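Structure below is model23.cif: mmCIF, C-alpha atoms.
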data_upload
#
loop_
_atom_site.group_PDB
_atom_site.id
_atom_site.type_symbol
_atom_site.label_atom_id
_atom_site.label_comp_id
_atom_site.auth_asym_id
_atom_site.auth_seq_id
_atom_site.Cartn_x
_atom_site.Cartn_y
_atom_site.Cartn_z
ATOM 1 C CA MET W 24 101.992 147.919 124.770
ATOM 2 C CA SER W 25 102.944 147.083 128.353
ATOM 3 C CA THR W 26 105.793 144.881 129.458
ATOM 4 C CA ASP W 27 105.394 142.281 132.180
ATOM 5 C CA ALA W 28 108.651 142.412 134.121
ATOM 6 C CA ASN W 29 108.191 138.739 135.038
ATOM 7 C CA LEU W 30 108.998 137.872 131.439
ATOM 8 C CA MET W 31 112.410 139.430 131.765
ATOM 9 C CA PRO W 32 115.536 138.714 133.787
ATOM 10 C CA GLU W 33 114.803 139.555 137.404
ATOM 11 C CA LYS W 34 115.431 143.081 138.550
ATOM 12 C CA ASN W 35 118.637 143.103 140.573
ATOM 13 C CA PRO W 36 119.138 139.307 140.565
ATOM 14 C CA ALA W 37 120.936 137.717 143.492
ATOM 15 C CA GLY W 38 124.614 138.479 143.654
ATOM 16 C CA ARG W 39 124.401 141.430 141.244
ATOM 17 C CA SER W 40 123.094 144.957 141.547
ATOM 18 C CA THR W 41 122.341 147.510 138.889
ATOM 19 C CA GLY W 42 125.504 149.470 138.215
ATOM 20 C CA THR W 43 127.883 146.552 138.815
ATOM 21 C CA GLU W 44 130.171 145.833 135.873
ATOM 22 C CA LEU W 45 128.727 143.078 133.700
ATOM 23 C CA VAL W 46 130.782 143.171 130.477
ATOM 24 C CA ARG W 47 134.405 144.218 130.072
ATOM 25 C CA LEU W 48 136.718 144.304 127.071
ATOM 26 C CA GLU W 49 140.389 144.862 127.909
ATOM 27 C CA ARG W 50 142.982 145.691 125.241
ATOM 28 C CA VAL W 51 140.941 143.796 122.648
ATOM 29 C CA THR W 52 142.332 143.734 119.124
ATOM 30 C CA LYS W 53 140.686 142.052 116.155
ATOM 31 C CA ARG W 54 142.173 141.870 112.681
ATOM 32 C CA PHE W 55 140.904 140.572 109.371
ATOM 33 C CA GLY W 56 144.039 140.015 107.342
ATOM 34 C CA ASP W 57 146.006 143.257 107.338
ATOM 35 C CA HIS W 58 142.962 145.292 108.421
ATOM 36 C CA THR W 59 142.664 146.084 112.148
ATOM 37 C CA VAL W 60 138.946 146.310 113.000
ATOM 38 C CA LEU W 61 139.338 146.763 116.776
ATOM 39 C CA ASP W 62 142.480 148.459 117.987
ATOM 40 C CA ASN W 63 143.499 147.775 121.607
ATOM 41 C CA LEU W 64 139.937 148.466 122.725
ATOM 42 C CA ASP W 65 138.927 149.012 126.367
ATOM 43 C CA PHE W 66 135.379 149.576 127.583
ATOM 44 C CA SER W 67 132.842 148.147 130.008
ATOM 45 C CA VAL W 68 129.078 147.945 130.440
ATOM 46 C CA ASP W 69 127.412 147.995 133.859
ATOM 47 C CA ALA W 70 124.514 145.693 134.736
ATOM 48 C CA GLY W 71 121.143 147.221 133.993
ATOM 49 C CA LYS W 72 122.562 149.881 131.696
ATOM 50 C CA HIS W 73 121.745 150.526 128.059
ATOM 51 C CA VAL W 74 124.834 151.358 126.027
ATOM 52 C CA THR W 75 124.609 152.313 122.357
ATOM 53 C CA LEU W 76 127.516 152.137 119.924
ATOM 54 C CA ILE W 77 127.406 154.656 117.086
ATOM 55 C CA GLY W 78 129.819 155.496 114.303
ATOM 56 C CA PRO W 79 130.445 154.978 110.598
ATOM 57 C CA SER W 80 130.164 151.578 108.936
ATOM 58 C CA GLY W 81 133.348 149.571 109.368
ATOM 59 C CA SER W 82 134.316 151.213 112.660
ATOM 60 C CA GLY W 83 134.132 147.922 114.593
ATOM 61 C CA LYS W 84 130.750 148.155 116.320
ATOM 62 C CA THR W 85 129.221 144.901 115.063
ATOM 63 C CA THR W 86 132.524 143.089 115.552
ATOM 64 C CA ILE W 87 132.208 143.748 119.293
ATOM 65 C CA LEU W 88 128.804 142.068 119.382
ATOM 66 C CA ARG W 89 130.076 139.117 117.372
ATOM 67 C CA LEU W 90 132.966 138.674 119.805
ATOM 68 C CA LEU W 91 130.555 138.630 122.746
ATOM 69 C CA MET W 92 128.399 136.071 120.919
ATOM 70 C CA THR W 93 131.582 133.972 120.390
ATOM 71 C CA LEU W 94 131.026 134.094 116.632
ATOM 72 C CA LEU W 95 134.519 135.579 116.429
ATOM 73 C CA LYS W 96 137.586 135.393 118.648
ATOM 74 C CA PRO W 97 139.846 138.335 119.449
ATOM 75 C CA ASP W 98 143.446 138.242 118.287
ATOM 76 C CA GLU W 99 144.573 139.898 121.508
ATOM 77 C CA GLY W 100 143.045 140.987 124.790
ATOM 78 C CA ARG W 101 140.542 139.695 127.314
ATOM 79 C CA ILE W 102 136.741 139.678 127.531
ATOM 80 C CA THR W 103 134.825 139.017 130.761
ATOM 81 C CA VAL W 104 131.080 138.640 131.347
ATOM 82 C CA ASP W 105 129.619 138.746 134.859
ATOM 83 C CA GLY W 106 133.092 138.365 136.345
ATOM 84 C CA GLU W 107 133.932 135.236 134.306
ATOM 85 C CA GLN W 108 136.445 135.161 131.505
ATOM 86 C CA LEU W 109 134.934 134.605 128.064
ATOM 87 C CA PHE W 110 138.221 134.936 126.156
ATOM 88 C CA PRO W 111 140.613 133.324 126.566
ATOM 89 C CA ALA W 112 138.829 130.423 128.281
ATOM 90 C CA PRO W 113 138.185 126.668 127.913
ATOM 91 C CA GLU W 114 135.378 125.790 125.515
ATOM 92 C CA LYS W 115 133.127 124.470 128.298
ATOM 93 C CA GLN W 116 133.402 127.761 130.169
ATOM 94 C CA VAL W 117 132.700 129.709 126.976
ATOM 95 C CA ARG W 118 129.497 127.707 126.394
ATOM 96 C CA GLU W 119 128.259 128.395 129.922
ATOM 97 C CA ILE W 120 128.942 132.119 129.736
ATOM 98 C CA ARG W 121 127.386 132.261 126.295
ATOM 99 C CA LYS W 122 124.040 131.293 127.880
ATOM 100 C CA LYS W 123 124.024 134.677 129.629
ATOM 101 C CA ILE W 124 124.025 136.544 126.320
ATOM 102 C CA GLY W 125 121.189 137.012 123.845
ATOM 103 C CA MET W 126 121.409 138.665 120.462
ATOM 104 C CA VAL W 127 119.002 140.034 117.879
ATOM 105 C CA PHE W 128 120.647 140.229 114.465
ATOM 106 C CA GLN W 129 120.134 142.446 111.425
ATOM 107 C CA GLN W 130 118.703 139.429 109.624
ATOM 108 C CA PHE W 131 116.050 137.571 111.569
ATOM 109 C CA ASN W 132 117.720 134.136 111.369
ATOM 110 C CA LEU W 133 114.516 132.285 112.235
ATOM 111 C CA PHE W 134 114.248 128.581 111.467
ATOM 112 C CA PRO W 135 112.044 128.501 108.336
ATOM 113 C CA ASN W 136 110.817 124.942 108.950
ATOM 114 C CA MET W 137 109.601 125.709 112.500
ATOM 115 C CA THR W 138 106.496 127.508 113.687
ATOM 116 C CA VAL W 139 106.789 130.810 115.525
ATOM 117 C CA LEU W 140 106.191 128.995 118.816
ATOM 118 C CA ARG W 141 108.897 126.419 118.227
ATOM 119 C CA ASN W 142 111.371 129.061 117.055
ATOM 120 C CA ILE W 143 111.060 130.543 120.554
ATOM 121 C CA THR W 144 110.959 127.311 122.566
ATOM 122 C CA GLU W 145 113.705 125.344 120.810
ATOM 123 C CA ALA W 146 116.712 126.875 122.599
ATOM 124 C CA PRO W 147 115.217 127.022 126.131
ATOM 125 C CA VAL W 148 114.375 123.303 125.866
ATOM 126 C CA THR W 149 117.581 122.069 124.221
ATOM 127 C CA VAL W 150 120.112 124.455 125.798
ATOM 128 C CA LEU W 151 118.621 125.325 129.193
ATOM 129 C CA GLY W 152 116.816 122.029 129.766
ATOM 130 C CA MET W 153 113.482 123.793 130.330
ATOM 131 C CA SER W 154 110.408 121.582 130.174
ATOM 132 C CA LYS W 155 108.341 121.864 127.014
ATOM 133 C CA ASP W 156 105.300 123.055 128.969
ATOM 134 C CA GLU W 157 107.277 125.796 130.723
ATOM 135 C CA ALA W 158 108.929 126.854 127.469
ATOM 136 C CA ASP W 159 105.576 126.970 125.693
ATOM 137 C CA GLU W 160 104.031 129.062 128.442
ATOM 138 C CA ARG W 161 106.912 131.514 128.419
ATOM 139 C CA ALA W 162 106.894 131.731 124.615
ATOM 140 C CA ARG W 163 103.201 132.585 124.563
ATOM 141 C CA GLU W 164 103.752 135.301 127.184
ATOM 142 C CA LEU W 165 106.588 136.763 125.144
ATOM 143 C CA LEU W 166 104.496 136.671 121.973
ATOM 144 C CA GLU W 167 101.879 138.668 123.827
ATOM 145 C CA LEU W 168 104.606 141.113 124.848
ATOM 146 C CA VAL W 169 105.650 141.672 121.220
ATOM 147 C CA GLY W 170 102.076 141.703 119.931
ATOM 148 C CA LEU W 171 102.070 138.439 117.978
ATOM 149 C CA THR W 172 99.808 136.044 119.887
ATOM 150 C CA GLU W 173 97.667 135.375 116.824
ATOM 151 C CA HIS W 174 100.697 134.179 114.839
ATOM 152 C CA VAL W 175 101.845 131.430 117.191
ATOM 153 C CA ASP W 176 101.324 128.578 114.698
ATOM 154 C CA LYS W 177 102.559 130.355 111.579
ATOM 155 C CA HIS W 178 105.897 129.853 109.888
ATOM 156 C CA PRO W 179 108.340 132.755 109.312
ATOM 157 C CA SER W 180 107.505 132.925 105.592
ATOM 158 C CA GLN W 181 103.936 133.870 106.544
ATOM 159 C CA LEU W 182 105.085 136.923 108.526
ATOM 160 C CA SER W 183 106.197 140.406 107.539
ATOM 161 C CA GLY W 184 109.788 141.459 108.204
ATOM 162 C CA GLY W 185 108.729 143.473 111.234
ATOM 163 C CA GLN W 186 106.825 140.523 112.642
ATOM 164 C CA GLN W 187 109.798 138.226 112.079
ATOM 165 C CA GLN W 188 112.081 140.631 113.916
ATOM 166 C CA ARG W 189 109.655 140.773 116.852
ATOM 167 C CA VAL W 190 109.722 136.968 116.960
ATOM 168 C CA ALA W 191 113.527 137.177 117.008
ATOM 169 C CA ILE W 192 113.345 139.563 119.988
ATOM 170 C CA ALA W 193 111.010 137.169 121.809
ATOM 171 C CA ARG W 194 113.343 134.265 121.006
ATOM 172 C CA ALA W 195 116.320 136.112 122.491
ATOM 173 C CA LEU W 196 114.393 137.020 125.638
ATOM 174 C CA ALA W 197 113.162 133.439 126.079
ATOM 175 C CA MET W 198 116.663 132.514 127.242
ATOM 176 C CA ARG W 199 116.487 135.100 130.058
ATOM 177 C CA PRO W 200 119.847 136.600 129.079
ATOM 178 C CA GLN W 201 121.698 138.922 131.409
ATOM 179 C CA VAL W 202 122.738 141.056 128.463
ATOM 180 C CA LEU W 203 120.864 141.599 125.210
ATOM 181 C CA LEU W 204 122.862 142.519 122.107
ATOM 182 C CA LEU W 205 121.047 144.410 119.356
ATOM 183 C CA ASP W 206 122.768 144.621 115.977
ATOM 184 C CA GLU W 207 121.087 147.136 113.651
ATOM 185 C CA VAL W 208 117.811 145.341 114.275
ATOM 186 C CA THR W 209 115.796 147.585 111.939
ATOM 187 C CA SER W 210 118.253 147.832 109.042
ATOM 188 C CA ALA W 211 116.605 145.024 107.036
ATOM 189 C CA LEU W 212 113.066 146.335 107.534
ATOM 190 C CA ASP W 213 110.892 148.440 105.290
ATOM 191 C CA PRO W 214 110.615 151.966 106.757
ATOM 192 C CA GLU W 215 106.969 151.571 107.778
ATOM 193 C CA LEU W 216 107.851 148.535 109.918
ATOM 194 C CA VAL W 217 110.681 150.141 111.868
ATOM 195 C CA ALA W 218 108.581 152.026 114.418
ATOM 196 C CA GLY W 219 106.789 148.921 115.722
ATOM 197 C CA VAL W 220 110.029 147.051 116.402
ATOM 198 C CA LEU W 221 111.631 150.075 118.085
ATOM 199 C CA ASP W 222 108.540 150.569 120.250
ATOM 200 C CA VAL W 223 108.865 146.998 121.550
ATOM 201 C CA LEU W 224 112.525 147.596 122.425
ATOM 202 C CA ARG W 225 111.767 150.940 124.076
ATOM 203 C CA ASP W 226 109.168 149.244 126.246
ATOM 204 C CA ILE W 227 111.635 146.534 127.284
ATOM 205 C CA ALA W 228 114.348 149.103 128.012
ATOM 206 C CA ARG W 229 112.083 151.266 130.149
ATOM 207 C CA SER W 230 110.313 148.494 132.040
ATOM 208 C CA THR W 231 113.155 146.134 132.972
ATOM 209 C CA ASP W 232 116.703 146.074 134.267
ATOM 210 C CA ILE W 233 117.998 144.011 131.363
ATOM 211 C CA THR W 234 121.404 145.158 130.166
ATOM 212 C CA MET W 235 121.500 146.240 126.527
ATOM 213 C CA LEU W 236 124.401 146.763 124.158
ATOM 214 C CA CYS W 237 123.040 148.231 120.951
ATOM 215 C CA VAL W 238 124.455 149.065 117.529
ATOM 216 C CA THR W 239 122.128 151.347 115.586
ATOM 217 C CA HIS W 240 121.867 154.199 113.120
ATOM 218 C CA GLU W 241 118.458 155.121 114.605
ATOM 219 C CA MET W 242 119.671 158.137 116.541
ATOM 220 C CA ASN W 243 116.303 159.062 118.061
ATOM 221 C CA PHE W 244 116.043 155.532 119.425
ATOM 222 C CA ALA W 245 119.592 155.753 120.789
ATOM 223 C CA ARG W 246 118.748 159.062 122.460
ATOM 224 C CA ASP W 247 115.596 157.583 124.009
ATOM 225 C CA ILE W 248 116.937 154.358 125.499
ATOM 226 C CA SER W 249 120.628 154.928 126.205
ATOM 227 C CA ASP W 250 122.357 155.558 129.494
ATOM 228 C CA GLN W 251 125.621 155.972 127.614
ATOM 229 C CA VAL W 252 126.587 156.438 123.968
ATOM 230 C CA LEU W 253 130.002 155.454 122.613
ATOM 231 C CA MET W 254 131.230 157.000 119.370
ATOM 232 C CA PHE W 255 133.494 154.650 117.399
ATOM 233 C CA ASP W 256 135.944 155.417 114.664
ATOM 234 C CA SER W 257 138.639 153.122 113.252
ATOM 235 C CA GLY W 258 138.181 150.497 115.967
ATOM 236 C CA ARG W 259 138.463 152.870 118.918
ATOM 237 C CA VAL W 260 136.096 154.767 121.193
ATOM 238 C CA ILE W 261 136.786 158.423 120.434
ATOM 239 C CA GLU W 262 134.034 159.900 122.615
ATOM 240 C CA ALA W 263 131.656 158.612 125.300
ATOM 241 C CA GLY W 264 128.956 160.148 127.426
ATOM 242 C CA PRO W 265 125.226 160.369 128.154
ATOM 243 C CA PRO W 266 123.034 160.821 125.070
ATOM 244 C CA GLU W 267 122.172 164.439 125.811
ATOM 245 C CA LYS W 268 125.898 165.249 125.799
ATOM 246 C CA ILE W 269 126.863 163.234 122.710
ATOM 247 C CA PHE W 270 123.923 164.375 120.574
ATOM 248 C CA SER W 271 123.715 167.988 121.749
ATOM 249 C CA GLU W 272 127.298 168.951 122.651
ATOM 250 C CA PRO W 273 129.766 166.493 121.107
ATOM 251 C CA GLU W 274 133.384 167.398 121.771
ATOM 252 C CA HIS W 275 135.157 165.475 119.005
ATOM 253 C CA ASP W 276 135.190 166.803 115.427
ATOM 254 C CA ARG W 277 134.624 163.309 114.057
ATOM 255 C CA THR W 278 131.501 162.901 116.225
ATOM 256 C CA ARG W 279 130.130 166.219 114.974
ATOM 257 C CA GLU W 280 130.829 165.231 111.367
ATOM 258 C CA PHE W 281 129.128 161.852 111.772
ATOM 259 C CA LEU W 282 126.032 163.227 113.491
ATOM 260 C CA SER W 283 125.641 166.107 111.037
ATOM 261 C CA ALA W 284 125.661 163.586 108.191
ATOM 262 C CA ILE W 285 122.912 161.355 109.589
ATOM 263 C CA LEU W 286 120.676 163.621 111.686
#

Could you show the structure in this file as structure tokens?
Amino acid sequence: MSTDANLMPEKNPAGRSTGTELVRLERVTKRFGDHTVLDNLDFSVDAGKHVTLIGPSGSGKTTILRLLMTLLKPDEGRITVDGEQLFPAPEKQVREIRKKIGMVFQQFNLFPNMTVLRNITEAPVTVLGMSKDEADERARELLELVGLTEHVDKHPSQLSGGQQQRVAIARALAMRPQVLLLDEVTSALDPELVAGVLDVLRDIARSTDITMLCVTHEMNFARDISDQVLMFDSGRVIEAGPPEKIFSEPEHDRTREFLSAIL
């Protein structure tokens, strides 16, 4: 399966070069009641890089993605995207920055009453103001990218879980996001469907400069696509480095324990 780079955000778009900081979290704390999920967290993601967050369940990884999607708000700290403040910020500014971010969830979250095509075109038309013809053309190109051209007029209930997740990937890319968030995108799939979804994401990662922030327990996938891996525990980054270092020579005891349990 080959990826047409024209379907993706431009390589090195104007005003930004690969390696420039795109996302930053500074002293971010998030609590749910008395439980601190993120504890004074600092980290950044450079444009064009693929960063994978690993660690035990409940360590705060998905909470980071939900903060970037503005589904949650931090209790303390600051979040910036492409040099603009996401939190704290006026609601209008938050909505504009939010357009730069796409997310693929664990659950597919497709609109059951809409066809595959309309699931992909709805947001570009209503949010970005794209013409219906342009949105349709782009959606069909993206469906070719994810191998679903023959399903354009079907509804989600007529698709397998793997096919629905590939539609969700196409829907996220239709918005031409600067950063793509991936939240355990294969966790709801039957095992035989996982490989096809991961292959699509590998192809996107290798063929484009799109920035990715990924939460996954698929360690081989993380090793394949990541520029950097961050190991989380109790709402903090306890170890960070390139995948060959984290997976082959982890320094922290907790990282070694976690990897030995899942590899």

Give one line per residue of range 73-146 of chain W that approaches range 184-194 of chain W to at most 9 Å, naming the two atoms of the closest pair and their distance in Å to one decimal, counting only C-alpha atoms; sort by chain then ascending residue number and deliver it as CSV.
residue,atom,partner,partner_atom,distance
W:Gly125,CA,W:Arg194,CA,8.8
W:Met126,CA,W:Ile192,CA,8.1
W:Val127,CA,W:Ile192,CA,6.1
W:Phe128,CA,W:Ala191,CA,8.2
W:Gln129,CA,W:Gln188,CA,8.6
W:Gln130,CA,W:Gln188,CA,8.0
W:Phe131,CA,W:Gln188,CA,5.5
W:Asn132,CA,W:Ala191,CA,7.7
W:Leu133,CA,W:Ala191,CA,6.9
W:Val139,CA,W:Val190,CA,7.0
W:Leu140,CA,W:Val190,CA,8.9
W:Asn142,CA,W:Arg194,CA,6.8
W:Ile143,CA,W:Arg194,CA,4.4
W:Thr144,CA,W:Arg194,CA,7.5
W:Glu145,CA,W:Arg194,CA,8.9
W:Ala146,CA,W:Arg194,CA,8.3

Mind writing the picked residues with C-alpha atoms as a PDB file, in the coordinates of the input?
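This is the output file out-v5.pdb:
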ATOM      1  CA  GLY W 125     121.189 137.012 123.845  1.00  0.00           C
ATOM      2  CA  MET W 126     121.409 138.665 120.462  1.00  0.00           C
ATOM      3  CA  VAL W 127     119.002 140.034 117.879  1.00  0.00           C
ATOM      4  CA  PHE W 128     120.647 140.229 114.465  1.00  0.00           C
ATOM      5  CA  GLN W 129     120.134 142.446 111.425  1.00  0.00           C
ATOM      6  CA  GLN W 130     118.703 139.429 109.624  1.00  0.00           C
ATOM      7  CA  PHE W 131     116.050 137.571 111.569  1.00  0.00           C
ATOM      8  CA  ASN W 132     117.720 134.136 111.369  1.00  0.00           C
ATOM      9  CA  LEU W 133     114.516 132.285 112.235  1.00  0.00           C
ATOM     10  CA  VAL W 139     106.789 130.810 115.525  1.00  0.00           C
ATOM     11  CA  LEU W 140     106.191 128.995 118.816  1.00  0.00           C
ATOM     12  CA  ASN W 142     111.371 129.061 117.055  1.00  0.00           C
ATOM     13  CA  ILE W 143     111.060 130.543 120.554  1.00  0.00           C
ATOM     14  CA  THR W 144     110.959 127.311 122.566  1.00  0.00           C
ATOM     15  CA  GLU W 145     113.705 125.344 120.810  1.00  0.00           C
ATOM     16  CA  ALA W 146     116.712 126.875 122.599  1.00  0.00           C
TER      17      ALA W 146
END

Among the residues W:Ala112, W:Val150, W:Leu76, W:Leu166, the one that comes closest to Pro265 in chain W [using all atoms listed in the file]:
W:Leu76

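Polymer residues near (124.9, 163.3, 121.7): counting all atoms listed in the file with a cut-off of 10 Å, they are Met242, Ala245, Arg246, Gln251, Val252, Leu253, Met254, Glu262, Ala263, Gly264, Pro265, Pro266, Glu267, Lys268, Ile269, Phe270, Ser271, Glu272, Pro273, Glu274, Thr278, Arg279 and Leu282 of chain W.
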
Hits of the PyMOL selection byres ((chain W and resi 61-64) around 8) in this structure, as a ChimeraX atom specification
/W:48-54,59-60,65-66,82-83,86,99-100,257-260

Can you spit out the residues from that selection as a short mmCIF file (atom, residue, chain, number, x, y, z; two decimals), in the coordinates of the input, using C-alpha atoms?
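In the end it all went to again-v4.cif:
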data_model
loop_
_atom_site.label_atom_id
_atom_site.label_comp_id
_atom_site.auth_asym_id
_atom_site.auth_seq_id
_atom_site.Cartn_x
_atom_site.Cartn_y
_atom_site.Cartn_z
CA LEU W 48 136.72 144.30 127.07
CA GLU W 49 140.39 144.86 127.91
CA ARG W 50 142.98 145.69 125.24
CA VAL W 51 140.94 143.80 122.65
CA THR W 52 142.33 143.73 119.12
CA LYS W 53 140.69 142.05 116.16
CA ARG W 54 142.17 141.87 112.68
CA THR W 59 142.66 146.08 112.15
CA VAL W 60 138.95 146.31 113.00
CA ASP W 65 138.93 149.01 126.37
CA PHE W 66 135.38 149.58 127.58
CA SER W 82 134.32 151.21 112.66
CA GLY W 83 134.13 147.92 114.59
CA THR W 86 132.52 143.09 115.55
CA GLU W 99 144.57 139.90 121.51
CA GLY W 100 143.04 140.99 124.79
CA SER W 257 138.64 153.12 113.25
CA GLY W 258 138.18 150.50 115.97
CA ARG W 259 138.46 152.87 118.92
CA VAL W 260 136.10 154.77 121.19
#

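Computed from the coordinates, the CA of Arg229 in chain W to CA of Leu165 in chain W distance equals 16.3 Å.
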
List as JSON lines every residue of range 114-216 of chain W that is in contact with range 87-91 of chain W, defined as an atom at most 9 Å from one of its atoms (using all atoms listed in the file), together with the nearest atom pair and the distance in Å rounded to one decimal, sorted by chain and then rising number.
{"residue": "W:Arg121", "atom": "CA", "partner": "W:Leu91", "partner_atom": "CA", "distance": 7.9}
{"residue": "W:Ile124", "atom": "CA", "partner": "W:Leu91", "partner_atom": "CA", "distance": 7.7}
{"residue": "W:Met126", "atom": "CA", "partner": "W:Leu88", "partner_atom": "CA", "distance": 8.2}
{"residue": "W:Leu204", "atom": "CA", "partner": "W:Leu88", "partner_atom": "CA", "distance": 6.6}
{"residue": "W:Leu205", "atom": "CA", "partner": "W:Leu88", "partner_atom": "CA", "distance": 8.1}
{"residue": "W:Asp206", "atom": "CA", "partner": "W:Leu88", "partner_atom": "CA", "distance": 7.4}

Deliver the residues from the most recent selection as a file, using C-alpha atoms, as a short mmCIF file (atom, residue, chain, number, x, y, z; two decimals), in the coordinates of the input.
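The file below, selection_29.cif, is the result:
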data_model
loop_
_atom_site.label_atom_id
_atom_site.label_comp_id
_atom_site.auth_asym_id
_atom_site.auth_seq_id
_atom_site.Cartn_x
_atom_site.Cartn_y
_atom_site.Cartn_z
CA ARG W 121 127.39 132.26 126.30
CA ILE W 124 124.02 136.54 126.32
CA MET W 126 121.41 138.66 120.46
CA LEU W 204 122.86 142.52 122.11
CA LEU W 205 121.05 144.41 119.36
CA ASP W 206 122.77 144.62 115.98
#

Using only C-alpha atoms, collect all residues at a distance of at most 12 Å from (116.9, 154.0, 119.8) as written in the file, then present them as number ranges by chain.
W: 73-77, 205-209, 217-218, 220-229, 235-252, 266

Would you please work out which residue, of W:Gly106, W:Gly152, W:Pro97, W:Pro79, is nearest to Thr43 in chain W when using all atoms listed in the file?
W:Gly106

What separates CA of Leu171 in chain W and CA of Thr234 in chain W is a distance of 23.8 Å

What is the CA of Arg47 in chain W to CA of Ser80 in chain W distance in Å?
22.8 Å

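Here, the PyMOL selection byres ((chain W and resi 71) around 8) matches Thr41, Gly42, Asp69, Ala70, Lys72, His73, Asp232, Ile233, Thr234 and Met235 of chain W.
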
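Compared by their closest atoms to Glu164 in chain W, and using all atoms listed in the file, the residues W:Ala284, W:Gly56, W:Ala197, W:Pro111 rank with W:Ala197 nearest.
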